[in-house]
>>> print(open('final-v5.cif').read())   # mmCIF, C-alpha atoms
data_structure
loop_
_atom_site.label_atom_id
_atom_site.label_comp_id
_atom_site.auth_asym_id
_atom_site.auth_seq_id
_atom_site.Cartn_x
_atom_site.Cartn_y
_atom_site.Cartn_z
CA MET A 1 26.29 -1.35 -16.11
CA SER A 2 29.06 -2.60 -13.85
CA TRP A 3 30.07 -0.89 -10.61
CA ASP A 4 33.53 -0.10 -12.02
CA ALA A 5 31.93 1.51 -15.05
CA LEU A 6 29.73 3.63 -12.82
CA ARG A 7 32.74 4.86 -10.89
CA ARG A 8 34.55 5.71 -14.15
CA SER A 9 31.54 7.52 -15.57
CA ALA A 10 31.29 9.57 -12.40
CA GLY A 11 34.88 10.63 -12.98
CA GLY A 12 35.35 11.43 -9.32
CA ARG A 13 33.19 14.51 -9.77
CA THR A 14 29.84 13.31 -8.49
CA ASP A 15 29.13 14.57 -5.01
CA PRO A 16 26.77 12.20 -3.10
CA THR A 17 24.86 15.26 -1.88
CA THR A 18 24.27 16.30 -5.48
CA ALA A 19 23.21 12.76 -6.40
CA ALA A 20 20.76 12.72 -3.50
CA SER A 21 19.40 16.10 -4.60
CA THR A 22 18.87 14.80 -8.13
CA ALA A 23 17.02 11.77 -6.75
CA GLN A 24 14.81 14.09 -4.68
CA GLN A 25 13.97 16.17 -7.76
CA THR A 26 13.11 13.07 -9.78
CA ALA A 27 11.01 11.73 -6.92
CA THR A 28 9.07 15.01 -6.91
CA LYS A 29 8.03 14.32 -10.50
CA PHE A 30 6.96 10.76 -9.63
CA PRO A 31 5.09 10.77 -6.29
CA ASP A 32 5.32 6.97 -6.12
CA SER A 33 9.01 7.34 -5.31
CA VAL A 34 8.86 10.26 -2.89
CA HIS A 35 10.72 9.48 0.30
CA ALA A 36 8.74 12.14 2.14
CA ALA A 37 5.57 10.18 1.51
CA GLU A 38 7.08 7.27 3.42
CA ARG A 39 8.14 9.38 6.40
CA GLY A 40 4.49 9.80 7.35
CA ARG A 41 4.26 6.01 7.78
CA LYS A 42 1.16 5.99 5.59
CA THR A 43 -0.28 2.61 4.77
CA GLY A 44 -2.34 3.59 1.73
CA VAL A 45 -1.36 2.15 -1.64
CA LEU A 46 0.52 4.58 -3.84
CA ALA A 47 -0.47 5.37 -7.40
CA ARG A 48 0.67 2.74 -9.89
CA PRO A 49 2.25 4.41 -12.95
CA GLU A 50 2.73 1.00 -14.56
CA ALA A 51 -1.03 0.50 -14.99
CA GLU A 52 -0.90 1.11 -18.73
CA LEU A 53 1.87 -1.46 -19.27
CA ARG A 54 1.13 -4.81 -20.81
CA ARG A 55 1.03 -7.78 -18.45
CA GLN A 56 3.91 -9.56 -20.13
CA SER A 57 7.01 -7.98 -18.62
CA ASN A 58 10.59 -8.11 -19.92
CA GLY A 59 11.88 -6.91 -16.54
CA LYS A 60 13.21 -3.62 -17.91
CA GLU A 61 10.64 -1.16 -16.61
CA SER A 62 11.96 2.16 -15.33
CA TRP A 63 10.81 2.20 -11.72
CA VAL A 64 10.26 0.32 -8.49
CA PHE A 65 6.63 0.44 -7.41
CA ARG A 66 4.37 -0.70 -4.59
CA ALA A 67 1.43 -3.00 -5.34
CA ALA A 68 -1.76 -3.39 -3.35
CA HIS A 69 -1.76 -7.16 -3.85
CA PRO A 70 0.52 -9.76 -5.48
CA SER A 71 -1.95 -10.04 -8.36
CA GLN A 72 -0.84 -6.55 -9.45
CA LEU A 73 2.81 -7.58 -9.87
CA LEU A 74 4.28 -7.82 -13.36
CA GLY A 75 5.41 -10.85 -15.31
CA VAL A 76 5.79 -14.20 -13.57
CA HIS A 77 5.88 -12.64 -10.12
CA ALA A 78 2.11 -12.35 -9.71
CA GLY A 79 1.64 -16.07 -10.29
CA GLN A 80 4.66 -17.19 -8.26
CA VAL A 81 3.69 -15.24 -5.16
CA GLY A 82 -0.03 -15.93 -5.53
CA GLN A 83 0.54 -19.69 -5.58
CA VAL A 84 2.32 -19.78 -2.20
CA LEU A 85 0.30 -17.12 -0.37
CA ARG A 86 -1.41 -18.84 2.55
CA PRO A 87 -5.10 -18.38 3.36
CA GLY A 88 -5.42 -15.56 5.88
CA GLU A 89 -1.76 -14.50 5.55
CA VAL A 90 -1.54 -10.76 6.20
CA LEU A 91 0.26 -8.64 3.60
CA HIS A 92 2.25 -5.70 4.95
CA TYR A 93 4.19 -4.63 1.87
CA VAL A 94 4.40 -5.75 -1.76
CA LEU A 95 6.85 -4.22 -4.23
CA TYR A 96 8.10 -4.84 -7.75
CA SER A 97 11.65 -4.04 -8.85
CA PRO A 98 12.88 -4.25 -12.46
CA MET A 99 16.30 -5.52 -13.49
CA TRP A 100 19.48 -3.66 -12.65
CA GLU A 101 21.82 -4.04 -15.62
CA GLY A 102 24.88 -4.99 -13.63
CA SER A 103 26.11 -7.78 -11.40
CA GLY A 104 27.87 -6.06 -8.52
CA GLY A 105 28.77 -3.02 -6.46
CA PRO A 106 30.95 -2.00 -3.53
CA PHE A 107 31.25 -3.98 -0.27
CA GLY A 108 31.49 -7.22 -2.25
CA ILE A 109 27.81 -7.05 -3.27
CA ARG A 110 27.18 -9.48 -6.15
CA ALA A 111 24.03 -10.72 -7.91
CA GLU A 112 22.99 -11.60 -11.45
CA PRO A 113 20.59 -9.15 -13.18
CA ALA A 114 16.97 -10.04 -12.43
CA SER A 115 13.59 -8.52 -11.77
CA HIS A 116 12.16 -9.13 -8.30
CA ALA A 117 9.04 -9.01 -6.23
CA VAL A 118 9.45 -8.56 -2.47
CA VAL A 119 6.53 -9.39 -0.21
CA VAL A 120 6.46 -8.82 3.54
CA THR A 121 3.73 -10.73 5.37
CA ASP A 122 3.03 -11.17 9.07
CA SER A 123 5.61 -13.97 9.37
CA ARG A 124 8.01 -14.05 6.40
CA PHE A 125 9.67 -12.52 3.36
CA MET A 126 8.71 -13.86 -0.05
CA ILE A 127 11.18 -13.00 -2.81
CA SER A 128 10.30 -13.84 -6.40
CA ARG A 129 13.21 -13.66 -8.84
CA ASP A 130 13.26 -13.80 -12.65
CA GLN A 131 16.45 -13.45 -14.72
CA HIS A 132 14.36 -13.33 -17.92
CA SER A 133 16.42 -16.07 -19.48
CA ASP A 134 15.17 -19.34 -20.91
CA ALA A 135 18.22 -21.04 -19.39
CA VAL A 136 17.40 -19.93 -15.83
CA PRO A 137 13.89 -20.61 -14.49
CA PRO A 138 12.26 -18.11 -12.09
CA THR A 139 12.62 -18.86 -8.38
CA LEU A 140 10.75 -18.03 -5.20
CA LEU A 141 12.29 -17.79 -1.74
CA SER A 142 10.31 -17.95 1.49
CA ILE A 143 12.30 -16.65 4.47
CA PRO A 144 10.63 -16.89 7.90
CA PHE A 145 11.42 -13.92 10.12
CA GLU A 146 12.82 -16.21 12.82
CA ALA A 147 15.45 -17.40 10.31
CA VAL A 148 16.77 -13.91 9.46
CA LEU A 149 20.33 -13.36 10.67
CA CYS A 150 20.88 -9.80 9.51
CA VAL A 151 19.86 -7.40 6.77
CA GLU A 152 22.07 -5.11 4.68
CA SER A 153 20.74 -2.08 2.87
CA GLY A 154 22.76 0.49 0.96
CA SER A 155 23.28 2.62 -2.10
CA ALA A 156 26.00 4.03 -4.34
CA LEU A 157 25.22 6.52 -7.08
CA MET A 158 22.36 4.99 -9.14
CA LEU A 159 22.65 1.54 -7.51
CA GLY A 160 20.75 0.30 -4.47
CA TRP A 161 20.89 -3.12 -2.84
CA LEU A 162 19.21 -5.34 -0.28
CA VAL A 163 20.87 -8.42 1.22
CA ILE A 164 18.93 -10.72 3.56
CA ARG A 165 21.15 -13.25 5.30
CA TYR A 166 19.24 -16.15 6.81
CA ALA A 167 19.57 -19.66 8.21
CA GLU A 168 18.35 -22.68 6.27
CA GLU A 169 18.96 -26.31 7.24
CA GLY A 170 21.84 -25.34 9.51
CA SER A 171 23.68 -23.26 6.90
CA PRO A 172 23.83 -19.51 6.26
CA ARG A 173 22.26 -18.31 3.01
CA ALA A 174 21.88 -14.91 1.38
CA ALA A 175 19.30 -13.32 -0.91
CA THR A 176 20.81 -10.35 -2.76
CA LEU A 177 18.77 -7.86 -4.80
CA LEU A 178 20.20 -5.03 -6.90
CA TYR A 179 17.88 -2.20 -7.95
CA ARG A 180 17.73 1.39 -9.17
CA ALA A 181 18.42 3.70 -6.23
CA LEU A 182 15.35 5.82 -6.97
CA GLY A 183 13.39 2.90 -5.50
CA ARG A 184 15.11 3.20 -2.10
CA ALA A 185 11.98 4.56 -0.41
CA HIS A 186 10.01 1.41 -1.27
CA PHE A 187 12.74 -1.01 -0.18
CA ALA A 188 13.17 0.95 3.06
CA ALA A 189 9.41 0.82 3.68
CA ALA A 190 9.42 -2.95 3.14
CA LEU A 191 12.27 -3.36 5.64
CA ARG A 192 10.54 -1.09 8.12
CA SER A 193 7.43 -3.26 7.82
CA TYR A 194 9.53 -6.35 8.52
CA ARG A 195 11.15 -4.74 11.57
CA SER A 196 7.77 -3.56 12.91
CA VAL A 197 6.16 -6.98 12.61
CA SER A 198 9.10 -9.15 13.69
CA GLN A 199 10.64 -7.18 16.55
CA VAL A 200 10.96 -8.80 19.94
CA ASP A 201 10.37 -6.84 23.12
CA GLY A 202 12.65 -3.84 23.24
CA LEU A 203 15.16 -2.86 25.88
CA VAL A 204 13.57 -0.70 28.56
CA VAL A 205 15.64 2.44 29.04
CA GLN A 206 15.79 3.45 32.70
CA SER A 207 17.18 6.92 32.11
CA ARG A 208 15.69 9.63 29.95
CA PRO A 209 15.66 8.26 26.40
CA ALA A 210 17.96 9.88 23.86
CA ARG A 211 16.60 11.70 20.84
CA TRP A 212 17.21 10.63 17.26
CA GLN A 213 18.28 14.17 16.37
CA GLY A 214 21.28 13.71 18.64
CA VAL A 215 22.19 10.55 16.72
CA TRP A 216 21.91 12.33 13.38
CA ASP A 217 24.10 15.17 14.62
CA GLN A 218 26.75 12.62 15.56
CA ILE A 219 26.74 10.36 12.50
CA GLY A 220 25.97 12.87 9.73
CA GLU A 221 23.31 13.31 7.06
CA ARG A 222 24.53 10.62 4.64
CA TYR A 223 24.30 7.87 7.26
CA ARG A 224 20.98 9.23 8.46
CA GLU A 225 19.55 8.76 4.94
CA GLU A 226 20.21 5.01 5.18
CA ILE A 227 19.12 4.40 8.78
CA GLU A 228 16.17 6.70 9.44
CA PRO A 229 13.79 5.12 6.88
CA LEU A 230 14.28 1.72 8.58
CA LEU A 231 13.21 2.87 12.05
CA THR A 232 9.89 1.93 13.61
CA ASP A 233 7.62 4.36 15.42
CA PHE A 234 8.24 2.73 18.81
CA GLU A 235 12.04 2.57 18.61
CA SER A 236 14.41 4.79 20.60
CA PRO A 237 18.20 5.28 20.42
CA ILE A 238 20.38 4.22 23.34
CA SER A 239 23.99 4.79 22.33
CA THR A 240 26.00 5.91 19.32
CA VAL A 241 29.63 6.07 18.27
CA ALA A 242 31.04 7.34 14.97
CA TRP A 243 34.55 7.57 13.61
CA PRO A 244 36.36 9.04 10.58
CA ALA A 245 38.30 6.99 8.06
CA LEU A 246 41.82 6.00 9.04
CA TYR A 247 44.64 5.82 6.49
CA GLY A 248 48.14 4.41 6.43
CA ARG A 249 50.98 4.04 3.98
CA ARG A 250 51.79 0.80 2.26
CA ARG A 251 54.92 0.09 0.23
CA LYS A 252 54.61 -2.09 -2.84
CA ARG A 253 57.86 -2.75 -4.62
CA SER A 254 59.57 0.64 -4.74
CA ARG A 255 56.44 2.77 -4.43
CA GLU A 256 54.56 3.91 -1.34
CA SER A 257 50.84 4.54 -1.52
CA LEU A 258 48.10 5.75 0.81
CA VAL A 259 45.56 3.05 1.77
CA CYS A 260 42.39 3.01 3.86
CA THR A 261 43.01 0.84 6.92
CA ALA A 262 39.60 1.52 8.55
CA PRO A 263 36.75 3.13 6.61
CA ALA A 264 34.57 5.78 8.21
CA GLY A 265 31.62 4.27 10.04
CA ALA A 266 29.28 4.27 13.02
CA LEU A 267 27.45 2.00 15.42
CA VAL A 268 23.95 2.82 16.62
CA VAL A 269 22.33 0.77 19.39
CA SER A 270 18.57 1.17 19.69
CA THR A 271 15.95 -0.40 21.91
CA HIS A 272 15.38 -2.95 19.15
CA GLY A 273 18.76 -3.87 17.72
CA LEU A 274 22.14 -2.86 16.40
CA PHE A 275 22.96 -0.84 13.29
CA SER A 276 26.45 -0.81 11.79
CA ILE A 277 26.99 1.61 8.93
CA GLY A 278 30.09 2.44 6.94
CA ASP A 279 31.66 3.94 3.85
CA ASP A 280 33.02 2.20 0.79
CA PRO A 281 36.47 1.01 1.96
CA GLN A 282 37.94 1.95 -1.42
CA ALA A 283 37.39 5.67 -0.86
CA LEU A 284 40.54 7.81 -0.66
CA PRO A 285 41.07 10.96 1.44
CA ARG A 286 39.06 13.97 0.26
CA SER A 287 37.51 11.93 -2.56
CA PRO A 288 33.71 11.57 -2.99
CA ASN A 289 32.15 8.71 -1.04
CA PHE A 290 30.27 6.65 -3.62
CA GLY A 291 28.84 3.98 -1.34
CA VAL A 292 27.28 3.51 2.10
CA ASN A 293 26.16 0.19 3.55
CA ALA A 294 23.93 -0.23 6.62
CA LEU A 295 23.71 -3.54 8.48
CA PHE A 296 20.88 -4.29 10.91
CA VAL A 297 21.28 -7.10 13.46
CA PRO A 298 18.22 -8.28 15.46
CA PRO A 299 19.27 -8.47 19.13
CA ASP A 300 18.21 -12.11 19.46
CA ALA A 301 20.52 -13.12 16.57
CA LEU A 302 23.74 -11.79 18.10
CA GLN A 303 25.75 -14.66 19.62
CA ALA A 304 29.25 -13.33 20.29
CA VAL A 305 31.17 -10.05 20.36
CA THR A 306 34.98 -10.03 20.33
CA LEU A 307 37.84 -7.66 19.53
CA ALA A 308 40.93 -8.27 17.41
CA ASP A 309 43.98 -6.15 16.69
CA LYS A 310 44.13 -5.34 12.96
CA THR A 311 46.92 -2.77 13.08
CA ALA A 312 48.39 -2.33 9.62
CA SER A 313 50.40 0.19 7.62
CA GLY A 314 51.33 2.12 10.73
CA SER A 315 47.70 2.71 11.84
CA PHE A 316 46.28 1.41 15.13
CA VAL A 317 43.18 -0.45 13.95
CA LEU A 318 40.85 -2.70 15.92
CA ALA A 319 38.16 -5.02 14.58
CA LEU A 320 34.82 -5.55 16.25
CA GLN A 321 33.95 -9.13 15.34
CA LEU A 322 30.30 -10.13 15.58
CA ARG A 323 29.00 -13.66 15.35
CA ILE A 324 25.39 -13.60 14.15
CA GLY A 325 23.52 -16.89 14.20
CA ARG A 326 20.33 -18.89 14.57
CA HIS A 327 19.31 -22.52 14.16
CA GLY A 328 22.87 -23.82 13.90
CA ALA A 329 23.90 -21.32 11.19
CA ALA A 330 26.09 -18.26 11.71
CA VAL A 331 27.79 -15.50 9.75
CA PRO A 332 30.79 -13.41 10.89
CA VAL A 333 30.71 -9.62 10.58
CA GLU A 334 33.82 -7.52 11.07
CA VAL A 335 33.72 -3.77 11.74
CA LEU A 336 37.07 -1.96 11.58
CA PHE A 337 37.58 1.22 13.60
CA PRO A 338 40.45 3.40 14.87
CA GLY A 339 41.92 1.92 18.05
CA GLU A 340 41.65 5.24 19.83
CA ARG A 341 37.84 4.89 19.74
CA LEU A 342 37.87 1.65 21.75
CA HIS A 343 36.37 3.14 24.91
CA GLU A 344 33.52 4.75 22.96
CA VAL A 345 32.79 1.50 21.08
CA GLU A 346 32.74 -0.47 24.35
CA HIS A 347 30.39 2.07 25.91
CA ALA A 348 28.05 2.01 22.90
CA LEU A 349 27.84 -1.79 22.90
CA GLY A 350 27.34 -2.00 26.65
CA ALA A 351 23.61 -1.46 26.23
CA LEU A 352 23.29 -4.67 24.23
CA ALA A 353 24.47 -6.69 27.21
CA GLU A 354 21.35 -5.56 29.09
CA HIS A 355 18.90 -6.44 26.33
CA PRO A 356 16.38 -9.08 27.50
CA VAL A 357 17.11 -11.36 24.53
CA SER A 358 20.92 -10.88 24.64
CA LYS A 359 21.71 -12.70 27.89
CA ASP A 360 23.63 -15.50 26.18
CA ILE A 361 26.00 -13.32 24.16
CA ALA A 362 29.66 -14.25 24.62
CA TRP A 363 31.53 -11.00 25.29
CA SER A 364 35.28 -10.59 24.89
CA LEU A 365 35.80 -6.84 25.12
#
>>> encode(input="final-v5.cif", output="structure tokens")
Amino acid sequence: MSWDALRRSAGGRTDPTTAASTAQQTATKFPDSVHAAERGRKTGVLARPEAELRRQSNGKESWVFRAAHPSQLLGVHAGQVGQVLRPGEVLHYVLYSPMWEGSGGPFGIRAEPASHAVVVTDSRFMISRDQHSDAVPPTLLSIPFEAVLCVESGSALMLGWLVIRYAEEGSPRAATLLYRALGRAHFAAALRSYRSVSQVDGLVVQSRPARWQGVWDQIGERYREEIEPLLTDFESPISTVAWPALYGRRRKRSRESLVCTAPAGALVVSTHGLFSIGDDPQALPRSPNFGVNALFVPPDALQAVTLADKTASGSFVLALQLRIGRHGAAVPVEVLFPGERLHEVEHALGALAEHPVSKDIAWSL
């Protein structure tokens, strides 16, 4: 189902809080999907409800699940991952995700329908992909942690996504996975495993460290749902800034319409990196917010931070422009925010300048 079709079927009546509540109720029936089970940071393998399924998979199973070993994956994924697993390579998380019957979502997220296996080892991601088409052979990506530029994770209604942007042969690449949002807990656990294993030394906070509850109070429950599951046990918040959506009026021909000039969002700087999170820019005032996207930037991948004036439709809008790069490859990230929040944004980002791996960042604030 396409993203536009999902929005139409929702009819503007689906409250994200209600959707989250429904997901929680469903997860209660299927313990393998319970987010609460992941909050305890347990490492035990969850029950596998797919055990009775035949080995030959068509990629249309009804759930995302965690496997104890790649050999327990369905379809071609067991063989693809097993063939490239190195002797002695430590497995931290292995999951299987069936096909999402759609090719896109908000925030410009696009990917062809496919089933996936995601494996997190002690040094890399392995992503096995099968479109279940004779015309498109299965593929396997190996992404070393030191090549990762940034990671995006988000959800909208029944859709969830993961985007890993990475450097390969001097060029930026992206691996995009679409999945059923009830599998969010497993994808979040896989990302948390990656962040735990790959993190560089964190920033030492001289003053009394802030508490995460203060961050949640500032950014709200919906953003907390996307960020909290990605946090490691040894990570602390340093600074936070959040802002509401900003709107302006735009005239097209003889009609004037209300447009979003800067979507609601937030920046969270922790001892181990930067989170940028924001709403679907297509949301209108007082309408349900169907999509939230969280971007995590490792501190050693941030190369430049600049500001640009993006004032439009009568609204004072600034853009925080981030250059994220490694190994000769870079991607630009632009975060729009109300100009009146400039001082707060500068203060929040100030902590990054003191990070031990951020000494070479080019600042233009």
>>> atom_distance(input="final-v5.cif", atom1="atom CA of Ser196 of chain A", atom2="atom CA of Asp233 of chain A")
8.3 Å
>>> closest_residue(input="final-v5.cif", among="A:Val120, A:Leu141, A:Cys260, A:Ile227", to="Ala185 of chain A", atoms="all atoms listed in the file")
A:Ile227
>>> resolve_selection(input="final-v5.cif", expression="the PyMOL selection byres ((chain A and resi 175) around 9)", output="number ranges by chain")
A: 111, 127, 141, 162-166, 173-174, 176-177
>>> axis_aligned_box(input="final-v5.cif", around="segment 235-244 of chain A", padding_each_side="8 Å", output="lines of an AutoDock Vina configuration file")
center_x = 24.2
center_y = 5.8
center_z = 17.0
size_x = 40.3
size_y = 22.5
size_z = 28.8
>>> atom_distance(input="final-v5.cif", atom1="atom CA of Val268 of chain A", atom2="atom CA of Ser239 of chain A")
6.0 Å
>>> resolve_selection(input="final-v5.cif", expression="the PyMOL selection byres ((chain A and resi 338) around 12)", output="mmCIF file with C-alpha atoms, in the frame of the given file")
data_model
loop_
_atom_site.group_PDB
_atom_site.id
_atom_site.type_symbol
_atom_site.label_atom_id
_atom_site.label_comp_id
_atom_site.auth_asym_id
_atom_site.auth_seq_id
_atom_site.Cartn_x
_atom_site.Cartn_y
_atom_site.Cartn_z
ATOM 1 C CA VAL A 241 29.630 6.070 18.270
ATOM 2 C CA ALA A 242 31.040 7.340 14.970
ATOM 3 C CA TRP A 243 34.550 7.570 13.610
ATOM 4 C CA PRO A 244 36.360 9.040 10.580
ATOM 5 C CA ALA A 245 38.300 6.990 8.060
ATOM 6 C CA LEU A 246 41.820 6.000 9.040
ATOM 7 C CA TYR A 247 44.640 5.820 6.490
ATOM 8 C CA GLY A 248 48.140 4.410 6.430
ATOM 9 C CA CYS A 260 42.390 3.010 3.860
ATOM 10 C CA THR A 261 43.010 0.840 6.920
ATOM 11 C CA ALA A 262 39.600 1.520 8.550
ATOM 12 C CA PRO A 263 36.750 3.130 6.610
ATOM 13 C CA ALA A 264 34.570 5.780 8.210
ATOM 14 C CA GLY A 265 31.620 4.270 10.040
ATOM 15 C CA ALA A 266 29.280 4.270 13.020
ATOM 16 C CA ALA A 308 40.930 -8.270 17.410
ATOM 17 C CA ASP A 309 43.980 -6.150 16.690
ATOM 18 C CA LYS A 310 44.130 -5.340 12.960
ATOM 19 C CA THR A 311 46.920 -2.770 13.080
ATOM 20 C CA ALA A 312 48.390 -2.330 9.620
ATOM 21 C CA GLY A 314 51.330 2.120 10.730
ATOM 22 C CA SER A 315 47.700 2.710 11.840
ATOM 23 C CA PHE A 316 46.280 1.410 15.130
ATOM 24 C CA VAL A 317 43.180 -0.450 13.950
ATOM 25 C CA LEU A 318 40.850 -2.700 15.920
ATOM 26 C CA ALA A 319 38.160 -5.020 14.580
ATOM 27 C CA LEU A 320 34.820 -5.550 16.250
ATOM 28 C CA VAL A 335 33.720 -3.770 11.740
ATOM 29 C CA LEU A 336 37.070 -1.960 11.580
ATOM 30 C CA PHE A 337 37.580 1.220 13.600
ATOM 31 C CA GLY A 339 41.920 1.920 18.050
ATOM 32 C CA GLU A 340 41.650 5.240 19.830
ATOM 33 C CA ARG A 341 37.840 4.890 19.740
ATOM 34 C CA LEU A 342 37.870 1.650 21.750
ATOM 35 C CA HIS A 343 36.370 3.140 24.910
ATOM 36 C CA GLU A 344 33.520 4.750 22.960
ATOM 37 C CA VAL A 345 32.790 1.500 21.080
#
>>> atom_distance(input="final-v5.cif", atom1="atom CA of Arg129 of chain A", atom2="atom CA of Ile324 of chain A")
26.0 Å
>>> residues_around(input="final-v5.cif", residues="Ser133 of chain A", least_positions_apart="6", cutoff="12 Å", atoms="all atoms listed in the file", output="PyMOL selection string")
chain A and resi 58-59+112-115
>>> resolve_selection(input="final-v5.cif", expression="the PyMOL selection byres ((chain A and resi 168) around 9)", output="list in words")
Ile143, Ala147, Tyr166, Ala167, Glu169, Gly170, Ser171, Pro172, Arg173, His327, Gly328 and Ala329 of chain A
>>> residues_around(input="final-v5.cif", residues="Pro106 of chain A", least_positions_apart="2", cutoff="9 Å", atoms="all atoms listed in the file", output="ChimeraX atom specification")
/A:3,104,108-110,156,280-282,290-293
>>> closest_residue(input="final-v5.cif", among="A:Gly154, A:Pro70, A:Pro298, A:Gly220", to="Arg184 of chain A", atoms="all atoms listed in the file")
A:Gly154
>>> closest_residue(input="final-v5.cif", among="A:His77, A:Arg250, A:Arg326, A:Arg195", to="His132 of chain A", atoms="all atoms listed in the file")
A:His77
>>> closest_residue(input="final-v5.cif", among="A:Val197, A:Ile219, A:Val269, A:Val64", to="Trp100 of chain A", atoms="only C-alpha atoms")
A:Val64
>>> closest_residue(input="final-v5.cif", among="A:Gly160, A:Gly88, A:Pro137, A:Gly75", to="Gly102 of chain A", atoms="only C-alpha atoms")
A:Gly160
>>> closest_residue(input="final-v5.cif", among="A:Ser313, A:Ser103, A:Ser193, A:Ser153", to="Val90 of chain A", atoms="only C-alpha atoms")
A:Ser193
>>> residues_around(input="final-v5.cif", residues="Trp63 of chain A", least_positions_apart="4", cutoff="8 Å", atoms="all atoms listed in the file", output="list in words")
Ser97, Pro98, Arg180, Leu182 and Gly183 of chain A
>>> residues_around(input="final-v5.cif", residues="segment 222-226 of chain A", least_positions_apart="4", cutoff="12 Å", atoms="all atoms listed in the file", output="number ranges by chain")
A: 15-21, 24, 35-36, 39, 152-156, 160-162, 181, 184-185, 187-189, 191-192, 212-218, 230-231, 242, 264-268, 275-279, 288-296
>>> write_last_selection(input="final-v5.cif", atoms="C-alpha atoms", output="CSV table (one decimal), keeping the file's coordinate frame")
chain,number,residue,atom,x,y,z
A,15,ASP,CA,29.1,14.6,-5.0
A,16,PRO,CA,26.8,12.2,-3.1
A,17,THR,CA,24.9,15.3,-1.9
A,18,THR,CA,24.3,16.3,-5.5
A,19,ALA,CA,23.2,12.8,-6.4
A,20,ALA,CA,20.8,12.7,-3.5
A,21,SER,CA,19.4,16.1,-4.6
A,24,GLN,CA,14.8,14.1,-4.7
A,35,HIS,CA,10.7,9.5,0.3
A,36,ALA,CA,8.7,12.1,2.1
A,39,ARG,CA,8.1,9.4,6.4
A,152,GLU,CA,22.1,-5.1,4.7
A,153,SER,CA,20.7,-2.1,2.9
A,154,GLY,CA,22.8,0.5,1.0
A,155,SER,CA,23.3,2.6,-2.1
A,156,ALA,CA,26.0,4.0,-4.3
A,160,GLY,CA,20.8,0.3,-4.5
A,161,TRP,CA,20.9,-3.1,-2.8
A,162,LEU,CA,19.2,-5.3,-0.3
A,181,ALA,CA,18.4,3.7,-6.2
A,184,ARG,CA,15.1,3.2,-2.1
A,185,ALA,CA,12.0,4.6,-0.4
A,187,PHE,CA,12.7,-1.0,-0.2
A,188,ALA,CA,13.2,1.0,3.1
A,189,ALA,CA,9.4,0.8,3.7
A,191,LEU,CA,12.3,-3.4,5.6
A,192,ARG,CA,10.5,-1.1,8.1
A,212,TRP,CA,17.2,10.6,17.3
A,213,GLN,CA,18.3,14.2,16.4
A,214,GLY,CA,21.3,13.7,18.6
A,215,VAL,CA,22.2,10.6,16.7
A,216,TRP,CA,21.9,12.3,13.4
A,217,ASP,CA,24.1,15.2,14.6
A,218,GLN,CA,26.8,12.6,15.6
A,230,LEU,CA,14.3,1.7,8.6
A,231,LEU,CA,13.2,2.9,12.0
A,242,ALA,CA,31.0,7.3,15.0
A,264,ALA,CA,34.6,5.8,8.2
A,265,GLY,CA,31.6,4.3,10.0
A,266,ALA,CA,29.3,4.3,13.0
A,267,LEU,CA,27.4,2.0,15.4
A,268,VAL,CA,24.0,2.8,16.6
A,275,PHE,CA,23.0,-0.8,13.3
A,276,SER,CA,26.4,-0.8,11.8
A,277,ILE,CA,27.0,1.6,8.9
A,278,GLY,CA,30.1,2.4,6.9
A,279,ASP,CA,31.7,3.9,3.8
A,288,PRO,CA,33.7,11.6,-3.0
A,289,ASN,CA,32.2,8.7,-1.0
A,290,PHE,CA,30.3,6.6,-3.6
A,291,GLY,CA,28.8,4.0,-1.3
A,292,VAL,CA,27.3,3.5,2.1
A,293,ASN,CA,26.2,0.2,3.6
A,294,ALA,CA,23.9,-0.2,6.6
A,295,LEU,CA,23.7,-3.5,8.5
A,296,PHE,CA,20.9,-4.3,10.9
>>> build_atoms(input="final-v5.cif", residues="segment 327-334 of chain A", atoms="N, CA and C atoms", output="PDB file, in the frame of the given file")
ATOM      1  N   HIS A 327      19.612 -21.184  14.690  1.00  0.00           N
ATOM      2  CA  HIS A 327      19.310 -22.520  14.160  1.00  0.00           C
ATOM      3  C   HIS A 327      20.532 -23.244  13.615  1.00  0.00           C
ATOM      4  N   GLY A 328      21.667 -23.111  14.298  1.00  0.00           N
ATOM      5  CA  GLY A 328      22.870 -23.820  13.900  1.00  0.00           C
ATOM      6  C   GLY A 328      23.651 -23.180  12.773  1.00  0.00           C
ATOM      7  N   ALA A 329      23.194 -22.035  12.262  1.00  0.00           N
ATOM      8  CA  ALA A 329      23.900 -21.320  11.190  1.00  0.00           C
ATOM      9  C   ALA A 329      24.369 -19.976  11.699  1.00  0.00           C
ATOM     10  N   ALA A 330      25.549 -19.541  11.236  1.00  0.00           N
ATOM     11  CA  ALA A 330      26.090 -18.260  11.710  1.00  0.00           C
ATOM     12  C   ALA A 330      26.897 -17.600  10.603  1.00  0.00           C
ATOM     13  N   VAL A 331      26.956 -16.268  10.657  1.00  0.00           N
ATOM     14  CA  VAL A 331      27.790 -15.500   9.750  1.00  0.00           C
ATOM     15  C   VAL A 331      28.659 -14.560  10.584  1.00  0.00           C
ATOM     16  N   PRO A 332      29.931 -14.369  10.195  1.00  0.00           N
ATOM     17  CA  PRO A 332      30.790 -13.410  10.890  1.00  0.00           C
ATOM     18  C   PRO A 332      30.678 -12.034  10.248  1.00  0.00           C
ATOM     19  N   VAL A 333      30.696 -11.005  11.066  1.00  0.00           N
ATOM     20  CA  VAL A 333      30.710  -9.620  10.580  1.00  0.00           C
ATOM     21  C   VAL A 333      31.847  -8.902  11.281  1.00  0.00           C
ATOM     22  N   GLU A 334      32.681  -8.227  10.509  1.00  0.00           N
ATOM     23  CA  GLU A 334      33.820  -7.520  11.070  1.00  0.00           C
ATOM     24  C   GLU A 334      33.691  -6.026  10.789  1.00  0.00           C
TER      25      GLU A 334
END
